[in-house]
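A.B. asks: This is the structure I want to talk about, given as structure tokens.
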Amino acid sequence: MGYNISQKIIMEHLFTGKMQAGSEISIRIDQTLTQDSTGTMAYLQFEAMKVPRVKTKKSVAYIDHNTLQTGFENADDHKYIQTAAAKYGIYFSRPGNGICHQVHLERFGIPGMTLLGSDSHTPTGGGIGMLAIGAGGLDVAVAMGGGAYYLMMPGVCRVNLKGNLSPWVSAKDIILEVLRLMSVKGGVGKIIEYTGEGVKSLTVPERATITNMGAELGATTSVFPSDHVTKEFLRAQGREADWKEIKPDADCKYDEEIEIDLSLLEPLAAMPHSPDNVKPVKDIGDISIDQVAIGSCTNSSYMDLMKVASILKGKTVKPEVSLVIAPGSKQVLTMLAQNGALSDMVGAGARILESACGPCIGMGQSPATDAVSLRTFNRNFEGRSGTKSAQVYLVSPETAAASAVSGVFTDPRKLGKAPVVRMPDKFLVNDNMVVEPAADGDEVQIVRGPNIKPFPINKELSDKVSGAVLIKVEDNITTDHIMPSNAKLLPYRSNVPYLAEFCLTPCDHDFPKRAKEKKGGFIIGGSNYGQGSSREHAALAPLQLGVKGVLVKSFARIHMANLINSGILPLRFADETDYERVDESDELVIENTREQVKKGVNIVISNKTKSIEIAALLEVSERQRDILLAGGTINYTRNNNP
Ligand code: MIC
Ligand code: SF4
């Protein structure tokens, strides 16, 4: 029997385990990437491992998330990351060089390699046939130190693409359709592999838009074949030598299959407040809009922005609308500047932002109260824009630009003939904003600002875990709820004690105070708890507040791994209806915790307040059991390497 693309790449990198869906495997990691908001923590953890130099083929540290620099804090973080990168053998992508995923695709990604990134949208690399996975900073630190990355072998879901896209319909509409079909938890435990005739018609940036937003399906990653289109893209980037063909064997098998006929798709939008709340644009109605934001790692490529420029050319953005555009990289911005497209945008009234995440992570451009904001981004969770009452819709660049010009939600097909943008023969290549690491790391002094505080480390699991239910939350709680990120909080990503004061406050303003008063306890949640970002702060802040266990209907993948790394018990209700039998303030006790954790999956929790027992499941591997017993990955690693 032959192999699919995912199995081929995993097989080549398999370190331990068998490729059976649902069993733990570990793979060797060729490349890593970090960005500034998860990077400081990743490098602090790497330093704690005392490895003198990274052992990967290439590791890159990007600065792209927090570039507002409203105080000394994050400029200090940038300095810390830059000096740590120089010392430990990591390439440093300076602020201004662009969004990590866009730049990595352009300049560093290599088909067939594995990439582990401390950002949930790392799967963007799947657009050129990489196995690119998002993880917590600690997992990335371990990979930089030469350690394997452990994960449950995912099932592989084939998405068979048929036909060609109609004019004005684009890659964003394809992934929105997949989200409509599968939902924000439909990809958990799966790799989404795109195949079929329709693949050939999609450019690399289009493929990357699709794999990027596979993160919103909860998927482990998404991947496209590496074919002649990939080869052309890499050639145009001056990197043809990095190309190799990767395609599924004709007789390979998949665990699941979906078919999408591209010719039947139409412009789609994800309605507030979830990426899977998808509707055709034509059915949304002529609602007035207040803001349009174009950019983010999903839709900020040269091809995307050329389409936007041609829609804007010679027009003026409606006075009621604020249009902001953040090109994905210095390469994109420079090319737009050189060919005049930038002046078409500026001429139409677009406000050009630097090449960075910007409004996507709430760094500026928060909409007005109750405003309608159309964004080409990947997440529209409530409040993520910085304005709780804002109504954020996720759309394609075409829909965004058409709507900015008309002032109302507009199906771009109304504009007549669609712009034709061709893939450039040659991208403008100038890597002068990438700093090579120092030849001799010993000579580099790491600079640490006062905002860099020690991160919390758990204690060995005790034999009786008890405490009150500190909060009970519903389904689909995101990491933006657990550890919000915005212009006020992002500068404190290396200061967990400070951040903890805001933990879960979007759900309950008093959570941190209560958690401290009760000296920790439990969190109760619904399904898909912890969806969204890879930020390990969503585990570290609860740890700082004394959270010992999280009991939910189901977890999102990266968050569950981060809880284990922090030594917090990730428990699932054996019977989901038991969710109704636990309330805030109930006193919970897990007797003989160590024994129960050692024994296996079943954990009995007594709800002392209600005098009942709740059956919970601890669905982790043997290795993860040992990590939990040790009180997290740092203790586990120390115990095993005395
Ligand atoms: C995001 O899109 O939420 C982020 C900010 O890129 C995060 C990383 C972070 O929280 O720093 C992600 O997606 O992993
Ligand atoms: Fe940056 Fe937004 Fe992409 Fe996250 S989703 S990496 S914040 S652009």
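As shown in the structure tokens, the chain order sets the letters A, B, ...; within each chain, residues go from 1, and ligands are also counted from 1 in the order they appear.
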If the limit is 7 Å from any atom of ligand 2, counting only C-alpha atoms and all ligand atoms, which residues qualify? Return them as a PyMOL selection string.
C.D. replies: chain A and resi 65+99-101+119+121+296-298+356-357+360-361+377-379
A.B. asks: Go ahead and write the selection's residues with N, CA, C and O atoms as a JSON list (two decimals), in the first residue's frame.
C.D. replies:
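selection-v9.json was written with the following content:
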[["chain", "number", "residue", "atom", "x", "y", "z"],
["A", 65, "HIS", "N", 4.80, 40.61, 15.98],
["A", 65, "HIS", "CA", 3.52, 40.77, 16.68],
["A", 65, "HIS", "C", 3.40, 42.11, 17.38],
["A", 65, "HIS", "O", 2.47, 42.86, 17.18],
["A", 99, "ILE", "N", 5.63, 39.45, 8.53],
["A", 99, "ILE", "CA", 4.94, 38.48, 9.40],
["A", 99, "ILE", "C", 5.62, 37.12, 9.24],
["A", 99, "ILE", "O", 5.90, 36.68, 8.12],
["A", 100, "CYS", "N", 5.89, 36.48, 10.37],
["A", 100, "CYS", "CA", 6.70, 35.25, 10.36],
["A", 100, "CYS", "C", 6.27, 34.26, 9.28],
["A", 100, "CYS", "O", 7.11, 33.76, 8.52],
["A", 101, "HIS", "N", 4.99, 33.98, 9.19],
["A", 101, "HIS", "CA", 4.57, 32.90, 8.27],
["A", 101, "HIS", "C", 4.76, 33.30, 6.81],
["A", 101, "HIS", "O", 5.13, 32.48, 5.98],
["A", 119, "ASP", "N", 3.66, 29.35, 17.10],
["A", 119, "ASP", "CA", 2.53, 30.14, 16.66],
["A", 119, "ASP", "C", 1.57, 29.19, 15.95],
["A", 119, "ASP", "O", 2.01, 28.34, 15.17],
["A", 121, "HIS", "N", -0.40, 29.47, 13.56],
["A", 121, "HIS", "CA", -0.53, 29.51, 12.09],
["A", 121, "HIS", "C", 0.72, 29.04, 11.35],
["A", 121, "HIS", "O", 0.85, 29.24, 10.14],
["A", 296, "SER", "N", -2.56, 40.40, 7.54],
["A", 296, "SER", "CA", -2.40, 39.21, 8.40],
["A", 296, "SER", "C", -1.74, 38.08, 7.65],
["A", 296, "SER", "O", -1.66, 38.10, 6.41],
["A", 297, "CYS", "N", -1.31, 37.06, 8.39],
["A", 297, "CYS", "CA", -0.61, 35.95, 7.75],
["A", 297, "CYS", "C", -1.51, 35.17, 6.80],
["A", 297, "CYS", "O", -1.03, 34.33, 6.04],
["A", 298, "THR", "N", -2.80, 35.44, 6.80],
["A", 298, "THR", "CA", -3.71, 34.71, 5.91],
["A", 298, "THR", "C", -3.77, 35.33, 4.52],
["A", 298, "THR", "O", -3.81, 34.62, 3.52],
["A", 356, "ALA", "N", 3.47, 43.75, 9.57],
["A", 356, "ALA", "CA", 3.44, 43.07, 10.87],
["A", 356, "ALA", "C", 2.01, 42.60, 11.12],
["A", 356, "ALA", "O", 1.12, 42.85, 10.31],
["A", 357, "CYS", "N", 1.80, 41.93, 12.26],
["A", 357, "CYS", "CA", 0.46, 41.39, 12.57],
["A", 357, "CYS", "C", -0.55, 42.52, 12.81],
["A", 357, "CYS", "O", -1.72, 42.41, 12.44],
["A", 360, "CYS", "N", -4.55, 42.44, 13.65],
["A", 360, "CYS", "CA", -4.97, 41.04, 13.80],
["A", 360, "CYS", "C", -4.84, 40.58, 15.25],
["A", 360, "CYS", "O", -5.60, 39.73, 15.71],
["A", 361, "ILE", "N", -3.85, 41.13, 15.95],
["A", 361, "ILE", "CA", -3.69, 40.73, 17.36],
["A", 361, "ILE", "C", -4.01, 41.92, 18.28],
["A", 361, "ILE", "O", -3.53, 42.04, 19.40],
["A", 377, "PHE", "N", -8.45, 38.57, 7.89],
["A", 377, "PHE", "CA", -7.67, 37.81, 8.85],
["A", 377, "PHE", "C", -8.25, 36.40, 9.03],
["A", 377, "PHE", "O", -9.09, 35.97, 8.25],
["A", 378, "ASN", "N", -7.83, 35.74, 10.10],
["A", 378, "ASN", "CA", -8.27, 34.35, 10.30],
["A", 378, "ASN", "C", -9.12, 34.14, 11.54],
["A", 378, "ASN", "O", -9.67, 33.07, 11.75],
["A", 379, "ARG", "N", -9.17, 35.12, 12.43],
["A", 379, "ARG", "CA", -9.92, 34.93, 13.67],
["A", 379, "ARG", "C", -10.83, 36.13, 13.92],
["A", 379, "ARG", "O", -10.36, 37.26, 13.81]]
A.B. asks: As a list of chain:residue names, please: the residues near Leu116 of chain A (cut-off 7 Å, only C-alpha atoms, same-chain neighbours under 4 positions excluded).
C.D. replies: A:Ile29, A:Gln31, A:Thr32, A:Leu33, A:Ala132, A:Ile133, A:Gly134, A:Ala135, A:Val140
A.B. asks: Can you tell me, as a compact mmCIF listing (two decimals) with N, CA, C and O atoms, in the first residue's frame, what residues are no more than 9 Å from Asn602 of chain A when counting only C-alpha atoms, ignoring any on the same chain fewer than 6 positions away?
C.D. replies:
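Writing done, so here's out.txt:
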# COMPACT_ATOMS: atom_id res chain seq x y z
N ALA A 574 -16.12 12.01 31.43
CA ALA A 574 -16.40 10.73 30.76
C ALA A 574 -17.82 10.78 30.19
O ALA A 574 -18.09 10.25 29.12
N GLN A 596 -3.88 7.29 40.86
CA GLN A 596 -4.88 7.30 39.78
C GLN A 596 -4.24 7.70 38.44
O GLN A 596 -4.52 7.11 37.41
N ALA A 615 -16.94 10.92 36.94
CA ALA A 615 -15.93 10.12 36.23
C ALA A 615 -15.26 11.01 35.19
O ALA A 615 -15.93 11.62 34.35
N ALA A 616 -13.93 11.10 35.29
CA ALA A 616 -13.19 11.92 34.32
C ALA A 616 -12.18 11.05 33.59
O ALA A 616 -11.83 9.96 34.05
N LEU A 617 -11.72 11.55 32.45
CA LEU A 617 -10.73 10.82 31.65
C LEU A 617 -9.47 11.66 31.52
O LEU A 617 -9.55 12.86 31.28
N LEU A 618 -8.34 10.99 31.70
CA LEU A 618 -7.05 11.65 31.48
C LEU A 618 -6.42 10.96 30.26
O LEU A 618 -5.76 9.93 30.41
N GLU A 619 -6.70 11.52 29.08
CA GLU A 619 -6.30 10.82 27.85
C GLU A 619 -4.94 11.31 27.38
O GLU A 619 -4.85 12.17 26.50
A.B. asks: For Ile627 of chain A, find every residue with an atom within 12 Å (counting only C-alpha atoms), except residues of its own chain fewer than 6 positions away, and show them as number ranges by chain.
C.D. replies: A: 458-461, 561-569, 594, 597-598, 620-621, 633-640
A.B. asks: Next, write the just-selected residues to a file, as an mmCIF file, in the first residue's frame, keeping N, CA, C and O atoms as the atom set.
C.D. replies:
data_model
loop_
_atom_site.group_PDB
_atom_site.id
_atom_site.type_symbol
_atom_site.label_atom_id
_atom_site.label_comp_id
_atom_site.auth_asym_id
_atom_site.auth_seq_id
_atom_site.Cartn_x
_atom_site.Cartn_y
_atom_site.Cartn_z
ATOM 1 N N ASN A 458 5.813 24.448 38.078
ATOM 2 C CA ASN A 458 4.941 23.679 38.962
ATOM 3 C C ASN A 458 5.759 22.797 39.913
ATOM 4 O O ASN A 458 6.970 22.666 39.765
ATOM 5 N N LYS A 459 5.034 22.187 40.860
ATOM 6 C CA LYS A 459 5.673 21.233 41.783
ATOM 7 C C LYS A 459 5.202 19.842 41.407
ATOM 8 O O LYS A 459 4.165 19.679 40.759
ATOM 9 N N GLU A 460 5.945 18.848 41.861
ATOM 10 C CA GLU A 460 5.547 17.461 41.654
ATOM 11 C C GLU A 460 4.069 17.286 42.019
ATOM 12 O O GLU A 460 3.598 17.882 42.989
ATOM 13 N N LEU A 461 3.358 16.470 41.273
ATOM 14 C CA LEU A 461 1.922 16.267 41.520
ATOM 15 C C LEU A 461 1.720 15.717 42.929
ATOM 16 O O LEU A 461 2.378 14.746 43.324
ATOM 17 N N ALA A 561 -1.677 20.366 25.155
ATOM 18 C CA ALA A 561 -0.243 20.079 25.287
ATOM 19 C C ALA A 561 0.422 21.098 26.214
ATOM 20 O O ALA A 561 1.293 20.751 27.021
ATOM 21 N N ASN A 562 0.004 22.365 26.133
ATOM 22 C CA ASN A 562 0.592 23.392 26.998
ATOM 23 C C ASN A 562 0.239 23.164 28.461
ATOM 24 O O ASN A 562 1.054 23.413 29.355
ATOM 25 N N LEU A 563 -1.001 22.693 28.727
ATOM 26 C CA LEU A 563 -1.389 22.403 30.109
ATOM 27 C C LEU A 563 -0.497 21.289 30.667
ATOM 28 O O LEU A 563 0.001 21.373 31.794
ATOM 29 N N ILE A 564 -0.279 20.269 29.860
ATOM 30 C CA ILE A 564 0.564 19.151 30.318
ATOM 31 C C ILE A 564 1.981 19.660 30.578
ATOM 32 O O ILE A 564 2.584 19.356 31.609
ATOM 33 N N ASN A 565 2.512 20.445 29.663
ATOM 34 C CA ASN A 565 3.856 21.000 29.863
ATOM 35 C C ASN A 565 3.949 21.762 31.179
ATOM 36 O O ASN A 565 5.006 21.832 31.799
ATOM 37 N N SER A 566 2.832 22.380 31.603
ATOM 38 C CA SER A 566 2.832 23.152 32.848
ATOM 39 C C SER A 566 2.454 22.301 34.054
ATOM 40 O O SER A 566 2.366 22.818 35.167
ATOM 41 N N GLY A 567 2.163 21.031 33.838
ATOM 42 C CA GLY A 567 1.810 20.148 34.963
ATOM 43 C C GLY A 567 0.398 20.366 35.482
ATOM 44 O O GLY A 567 0.095 20.046 36.628
ATOM 45 N N ILE A 568 -0.486 20.912 34.650
ATOM 46 C CA ILE A 568 -1.895 21.083 35.042
ATOM 47 C C ILE A 568 -2.686 19.922 34.452
ATOM 48 O O ILE A 568 -2.548 19.611 33.257
ATOM 49 N N LEU A 569 -3.511 19.251 35.280
ATOM 50 C CA LEU A 569 -4.219 18.051 34.805
ATOM 51 C C LEU A 569 -5.283 18.421 33.767
ATOM 52 O O LEU A 569 -6.230 19.141 34.072
ATOM 53 N N ARG A 594 -1.809 10.589 42.584
ATOM 54 C CA ARG A 594 -0.645 10.019 41.885
ATOM 55 C C ARG A 594 -0.945 8.594 41.412
ATOM 56 O O ARG A 594 -0.663 8.217 40.294
ATOM 57 N N VAL A 597 -3.369 8.698 38.515
ATOM 58 C CA VAL A 597 -2.725 9.166 37.274
ATOM 59 C C VAL A 597 -1.823 8.074 36.700
ATOM 60 O O VAL A 597 -1.781 7.834 35.493
ATOM 61 N N LYS A 598 -1.120 7.358 37.611
ATOM 62 C CA LYS A 598 -0.221 6.290 37.146
ATOM 63 C C LYS A 598 -1.008 5.161 36.512
ATOM 64 O O LYS A 598 -0.574 4.548 35.545
ATOM 65 N N VAL A 620 -3.910 10.753 28.010
ATOM 66 C CA VAL A 620 -2.547 11.176 27.698
ATOM 67 C C VAL A 620 -1.673 9.938 27.497
ATOM 68 O O VAL A 620 -2.049 8.834 27.883
ATOM 69 N N SER A 621 -0.503 10.165 26.909
ATOM 70 C CA SER A 621 0.414 9.038 26.682
ATOM 71 C C SER A 621 1.150 8.724 27.987
ATOM 72 O O SER A 621 1.105 9.503 28.946
ATOM 73 N N THR A 633 6.945 19.700 32.193
ATOM 74 C CA THR A 633 8.048 19.236 31.335
ATOM 75 C C THR A 633 9.421 19.664 31.859
ATOM 76 O O THR A 633 10.385 18.923 31.739
ATOM 77 N N ILE A 634 9.486 20.848 32.468
ATOM 78 C CA ILE A 634 10.812 21.293 32.932
ATOM 79 C C ILE A 634 11.303 20.362 34.046
ATOM 80 O O ILE A 634 12.437 19.879 34.009
ATOM 81 N N ASN A 635 10.420 20.048 35.010
ATOM 82 C CA ASN A 635 10.813 19.134 36.089
ATOM 83 C C ASN A 635 11.118 17.746 35.542
ATOM 84 O O ASN A 635 12.074 17.089 35.952
ATOM 85 N N TYR A 636 10.292 17.311 34.595
ATOM 86 C CA TYR A 636 10.463 15.981 34.001
ATOM 87 C C TYR A 636 11.834 15.878 33.325
ATOM 88 O O TYR A 636 12.570 14.912 33.509
ATOM 89 N N THR A 637 12.177 16.936 32.563
ATOM 90 C CA THR A 637 13.461 16.917 31.853
ATOM 91 C C THR A 637 14.612 16.946 32.852
ATOM 92 O O THR A 637 15.588 16.217 32.710
ATOM 93 N N ARG A 638 14.457 17.772 33.902
ATOM 94 C CA ARG A 638 15.517 17.835 34.922
ATOM 95 C C ARG A 638 15.701 16.478 35.591
ATOM 96 O O ARG A 638 16.810 16.005 35.769
ATOM 97 N N ASN A 639 14.559 15.817 35.940
ATOM 98 C CA ASN A 639 14.653 14.514 36.620
ATOM 99 C C ASN A 639 15.347 13.482 35.749
ATOM 100 O O ASN A 639 16.036 12.602 36.239
ATOM 101 N N ASN A 640 15.109 13.602 34.427
ATOM 102 C CA ASN A 640 15.663 12.588 33.542
ATOM 103 C C ASN A 640 17.073 12.898 33.064
ATOM 104 O O ASN A 640 17.709 12.058 32.456
#
A.B. asks: Within 12 Å of Ala368 of chain A, counting only C-alpha atoms, which residues qualify if same-chain residues fewer than 4 places away don't, as a PyMOL selection string?
C.D. replies: chain A and resi 289-291+320-322+364+372-373+383+385-392
A.B. asks: Residues up to 10 Å from ligand 1, counting only C-alpha atoms and all ligand atoms: could you list those as a count of residues only?
C.D. replies: 54
A.B. asks: Using 7 Å as the limit and counting only C-alpha atoms, can you tabulate each residue of segment 205-247 of chain A that touches segment 3-11 of chain A, with its shortest atom-to-atom distance in Å and the two atoms involved, as a tab-separated table?
C.D. replies:
residue	atom	partner	partner_atom	distance
A:Pro225	CA	A:Ile5	CA	7.0
A:Ile246	CA	A:Ile5	CA	6.7
A:Lys247	CA	A:Ile5	CA	5.8
A.B. asks: Please dump the current selection as a PDB file, in the first residue's frame; keep N, CA, C and O atoms.
C.D. replies:
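Result file part_21.pdb:
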ATOM      1  N   PRO A 225       0.488  19.221  -1.966  1.00  0.00           N
ATOM      2  CA  PRO A 225       1.624  18.577  -2.635  1.00  0.00           C
ATOM      3  C   PRO A 225       2.676  19.629  -2.990  1.00  0.00           C
ATOM      4  O   PRO A 225       2.377  20.816  -3.065  1.00  0.00           O
ATOM      5  N   ILE A 246       6.730  16.294  -4.012  1.00  0.00           N
ATOM      6  CA  ILE A 246       6.089  15.444  -2.999  1.00  0.00           C
ATOM      7  C   ILE A 246       4.635  15.282  -3.408  1.00  0.00           C
ATOM      8  O   ILE A 246       3.897  16.269  -3.532  1.00  0.00           O
ATOM      9  N   LYS A 247       4.245  14.056  -3.642  1.00  0.00           N
ATOM     10  CA  LYS A 247       2.839  13.813  -3.992  1.00  0.00           C
ATOM     11  C   LYS A 247       2.384  12.505  -3.360  1.00  0.00           C
ATOM     12  O   LYS A 247       3.212  11.646  -3.028  1.00  0.00           O
TER      13      LYS A 247
END
A.B. asks: When you look at Leu551 of chain A with a cut-off of 9 Å (counting only C-alpha atoms), what residues show up, excluding the ones that are within fewer than 6 positions of it in the same chain? I need them as a PyMOL selection string.
C.D. replies: chain A and resi 522-526+569-573+579+616
A.B. asks: How would the residues just chosen look if you wrote them out with all heavy atoms as an mmCIF file, in the first residue's frame?
C.D. replies:
data_model
loop_
_atom_site.group_PDB
_atom_site.id
_atom_site.type_symbol
_atom_site.label_atom_id
_atom_site.label_comp_id
_atom_site.auth_asym_id
_atom_site.auth_seq_id
_atom_site.Cartn_x
_atom_site.Cartn_y
_atom_site.Cartn_z
ATOM 1 N N PHE A 522 -9.938 24.560 40.335
ATOM 2 C CA PHE A 522 -10.241 23.943 39.037
ATOM 3 C C PHE A 522 -10.961 24.916 38.096
ATOM 4 O O PHE A 522 -11.674 25.812 38.544
ATOM 5 C CB PHE A 522 -11.160 22.732 39.239
ATOM 6 C CG PHE A 522 -10.467 21.578 39.906
ATOM 7 C CD1 PHE A 522 -10.372 21.512 41.303
ATOM 8 C CD2 PHE A 522 -9.901 20.562 39.153
ATOM 9 C CE1 PHE A 522 -9.724 20.459 41.919
ATOM 10 C CE2 PHE A 522 -9.252 19.501 39.761
ATOM 11 C CZ PHE A 522 -9.165 19.446 41.159
ATOM 12 N N ILE A 523 -10.797 24.653 36.803
ATOM 13 C CA ILE A 523 -11.571 25.360 35.771
ATOM 14 C C ILE A 523 -12.483 24.316 35.132
ATOM 15 O O ILE A 523 -12.033 23.200 34.825
ATOM 16 C CB ILE A 523 -10.643 25.965 34.701
ATOM 17 C CG1 ILE A 523 -9.777 27.080 35.300
ATOM 18 C CG2 ILE A 523 -11.443 26.487 33.502
ATOM 19 C CD1 ILE A 523 -8.694 27.620 34.359
ATOM 20 N N ILE A 524 -13.754 24.666 34.942
ATOM 21 C CA ILE A 524 -14.684 23.765 34.252
ATOM 22 C C ILE A 524 -15.037 24.400 32.907
ATOM 23 O O ILE A 524 -15.365 25.587 32.843
ATOM 24 C CB ILE A 524 -15.990 23.565 35.068
ATOM 25 C CG1 ILE A 524 -15.682 23.098 36.490
ATOM 26 C CG2 ILE A 524 -16.943 22.596 34.357
ATOM 27 C CD1 ILE A 524 -15.047 21.738 36.606
ATOM 28 N N GLY A 525 -14.961 23.608 31.832
ATOM 29 C CA GLY A 525 -15.244 24.165 30.509
ATOM 30 C C GLY A 525 -16.061 23.214 29.650
ATOM 31 O O GLY A 525 -16.262 22.044 29.996
ATOM 32 N N GLY A 526 -16.505 23.729 28.497
ATOM 33 C CA GLY A 526 -17.287 22.927 27.547
ATOM 34 C C GLY A 526 -16.386 22.264 26.513
ATOM 35 O O GLY A 526 -15.253 21.897 26.826
ATOM 36 N N LEU A 569 -3.511 19.251 35.280
ATOM 37 C CA LEU A 569 -4.219 18.051 34.805
ATOM 38 C C LEU A 569 -5.283 18.421 33.767
ATOM 39 O O LEU A 569 -6.230 19.141 34.072
ATOM 40 C CB LEU A 569 -4.903 17.350 35.983
ATOM 41 C CG LEU A 569 -3.983 16.701 37.022
ATOM 42 C CD1 LEU A 569 -4.800 16.257 38.241
ATOM 43 C CD2 LEU A 569 -3.222 15.529 36.423
ATOM 44 N N PRO A 570 -5.165 17.902 32.533
ATOM 45 C CA PRO A 570 -6.201 18.167 31.532
ATOM 46 C C PRO A 570 -7.215 17.017 31.541
ATOM 47 O O PRO A 570 -6.959 15.942 31.018
ATOM 48 C CB PRO A 570 -5.410 18.171 30.214
ATOM 49 C CG PRO A 570 -4.251 17.249 30.460
ATOM 50 C CD PRO A 570 -4.042 17.146 31.944
ATOM 51 N N LEU A 571 -8.361 17.244 32.144
ATOM 52 C CA LEU A 571 -9.338 16.162 32.352
ATOM 53 C C LEU A 571 -10.567 16.377 31.484
ATOM 54 O O LEU A 571 -10.984 17.511 31.241
ATOM 55 C CB LEU A 571 -9.750 16.142 33.828
ATOM 56 C CG LEU A 571 -8.593 15.892 34.807
ATOM 57 C CD1 LEU A 571 -8.971 16.326 36.218
ATOM 58 C CD2 LEU A 571 -8.180 14.435 34.778
ATOM 59 N N ARG A 572 -11.142 15.258 31.054
ATOM 60 C CA ARG A 572 -12.333 15.345 30.210
ATOM 61 C C ARG A 572 -13.471 14.623 30.927
ATOM 62 O O ARG A 572 -13.252 13.584 31.573
ATOM 63 C CB ARG A 572 -12.021 14.647 28.883
ATOM 64 C CG ARG A 572 -12.902 15.061 27.743
ATOM 65 C CD ARG A 572 -12.260 14.658 26.429
ATOM 66 N NE ARG A 572 -12.319 13.224 26.183
ATOM 67 C CZ ARG A 572 -13.420 12.583 25.812
ATOM 68 N NH1 ARG A 572 -14.559 13.223 25.651
ATOM 69 N NH2 ARG A 572 -13.390 11.285 25.597
ATOM 70 N N PHE A 573 -14.691 15.159 30.840
ATOM 71 C CA PHE A 573 -15.837 14.466 31.416
ATOM 72 C C PHE A 573 -16.031 13.142 30.683
ATOM 73 O O PHE A 573 -16.133 13.129 29.446
ATOM 74 C CB PHE A 573 -17.128 15.286 31.218
ATOM 75 C CG PHE A 573 -17.230 16.494 32.095
ATOM 76 C CD1 PHE A 573 -16.997 17.767 31.575
ATOM 77 C CD2 PHE A 573 -17.588 16.369 33.440
ATOM 78 C CE1 PHE A 573 -17.100 18.893 32.375
ATOM 79 C CE2 PHE A 573 -17.700 17.502 34.242
ATOM 80 C CZ PHE A 573 -17.449 18.762 33.712
ATOM 81 N N TYR A 579 -21.262 17.725 33.078
ATOM 82 C CA TYR A 579 -20.963 19.174 33.061
ATOM 83 C C TYR A 579 -22.024 19.908 33.876
ATOM 84 O O TYR A 579 -21.722 20.877 34.582
ATOM 85 C CB TYR A 579 -20.952 19.639 31.594
ATOM 86 C CG TYR A 579 -20.813 21.133 31.385
ATOM 87 C CD1 TYR A 579 -19.565 21.746 31.395
ATOM 88 C CD2 TYR A 579 -21.932 21.934 31.146
ATOM 89 C CE1 TYR A 579 -19.436 23.116 31.174
ATOM 90 C CE2 TYR A 579 -21.809 23.300 30.927
ATOM 91 C CZ TYR A 579 -20.557 23.887 30.943
ATOM 92 O OH TYR A 579 -20.443 25.236 30.726
ATOM 93 N N ALA A 616 -13.930 11.097 35.291
ATOM 94 C CA ALA A 616 -13.192 11.918 34.319
ATOM 95 C C ALA A 616 -12.179 11.055 33.586
ATOM 96 O O ALA A 616 -11.832 9.959 34.047
ATOM 97 C CB ALA A 616 -12.485 13.058 35.038
#
A.B. asks: Taking a cut-off of 10 Å and counting only C-alpha atoms, can you build a table that, for each residue of segment 148-226 of chain A near segment 128-131 of chain A, reports the nearest atom pair and how far apart they are in Å (one decimal), sorted by chain then residue number, as a Markdown table?
C.D. replies:
| residue | atom | partner | partner_atom | distance |
| --- | --- | --- | --- | --- |
| A:Ile191 | CA | A:Leu131 | CA | 9.5 |
| A:Glu193 | CA | A:Gly129 | CA | 9.8 |
| A:Thr203 | CA | A:Ile128 | CA | 9.9 |
| A:Val204 | CA | A:Ile128 | CA | 6.5 |
| A:Pro205 | CA | A:Ile128 | CA | 9.0 |
| A:Arg207 | CA | A:Ile128 | CA | 7.8 |
| A:Ala208 | CA | A:Ile128 | CA | 7.5 |
| A:Thr211 | CA | A:Ile128 | CA | 9.7 |
| A:Thr220 | CA | A:Leu131 | CA | 9.7 |
| A:Thr221 | CA | A:Leu131 | CA | 7.2 |
| A:Ser222 | CA | A:Leu131 | CA | 7.8 |
| A:Val223 | CA | A:Gly129 | CA | 5.7 |
| A:Phe224 | CA | A:Gly129 | CA | 5.2 |
| A:Pro225 | CA | A:Gly129 | CA | 5.3 |
| A:Ser226 | CA | A:Gly129 | CA | 4.9 |
A.B. asks: For Gly186 of chain A, find every residue with an atom within 10 Å (counting only C-alpha atoms), except residues of its own chain fewer than 2 positions away, and show them as an MDAnalysis selection string.
C.D. replies: chainID A and resid 178:184 188:190 216:219 276 528
A.B. asks: Ranking A:Val601, A:Leu374, A:Ala86, A:Ala341 by minimum distance to Val408 of chain A and counting only C-alpha atoms, which one comes first?
C.D. replies: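 Smallest separation from Val408 of chain A among the options: A:Leu374.
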A.B. asks: Please extract the residues of segment 409-480 of chain A with a backbone DSSP assignment of strand (DSSP E or B) and present them as a ChimeraX atom specification.
C.D. replies: /A:434-435,465-472,478
A.B. asks: Kindly give the distance, in Å, that separates atom CA of Gly146 of chain A and atom CA of Val54 of chain A, rounded to a single decimal.
C.D. replies: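 Answer for the atom CA of Gly146 of chain A to atom CA of Val54 of chain A separation: 7.1 Å.
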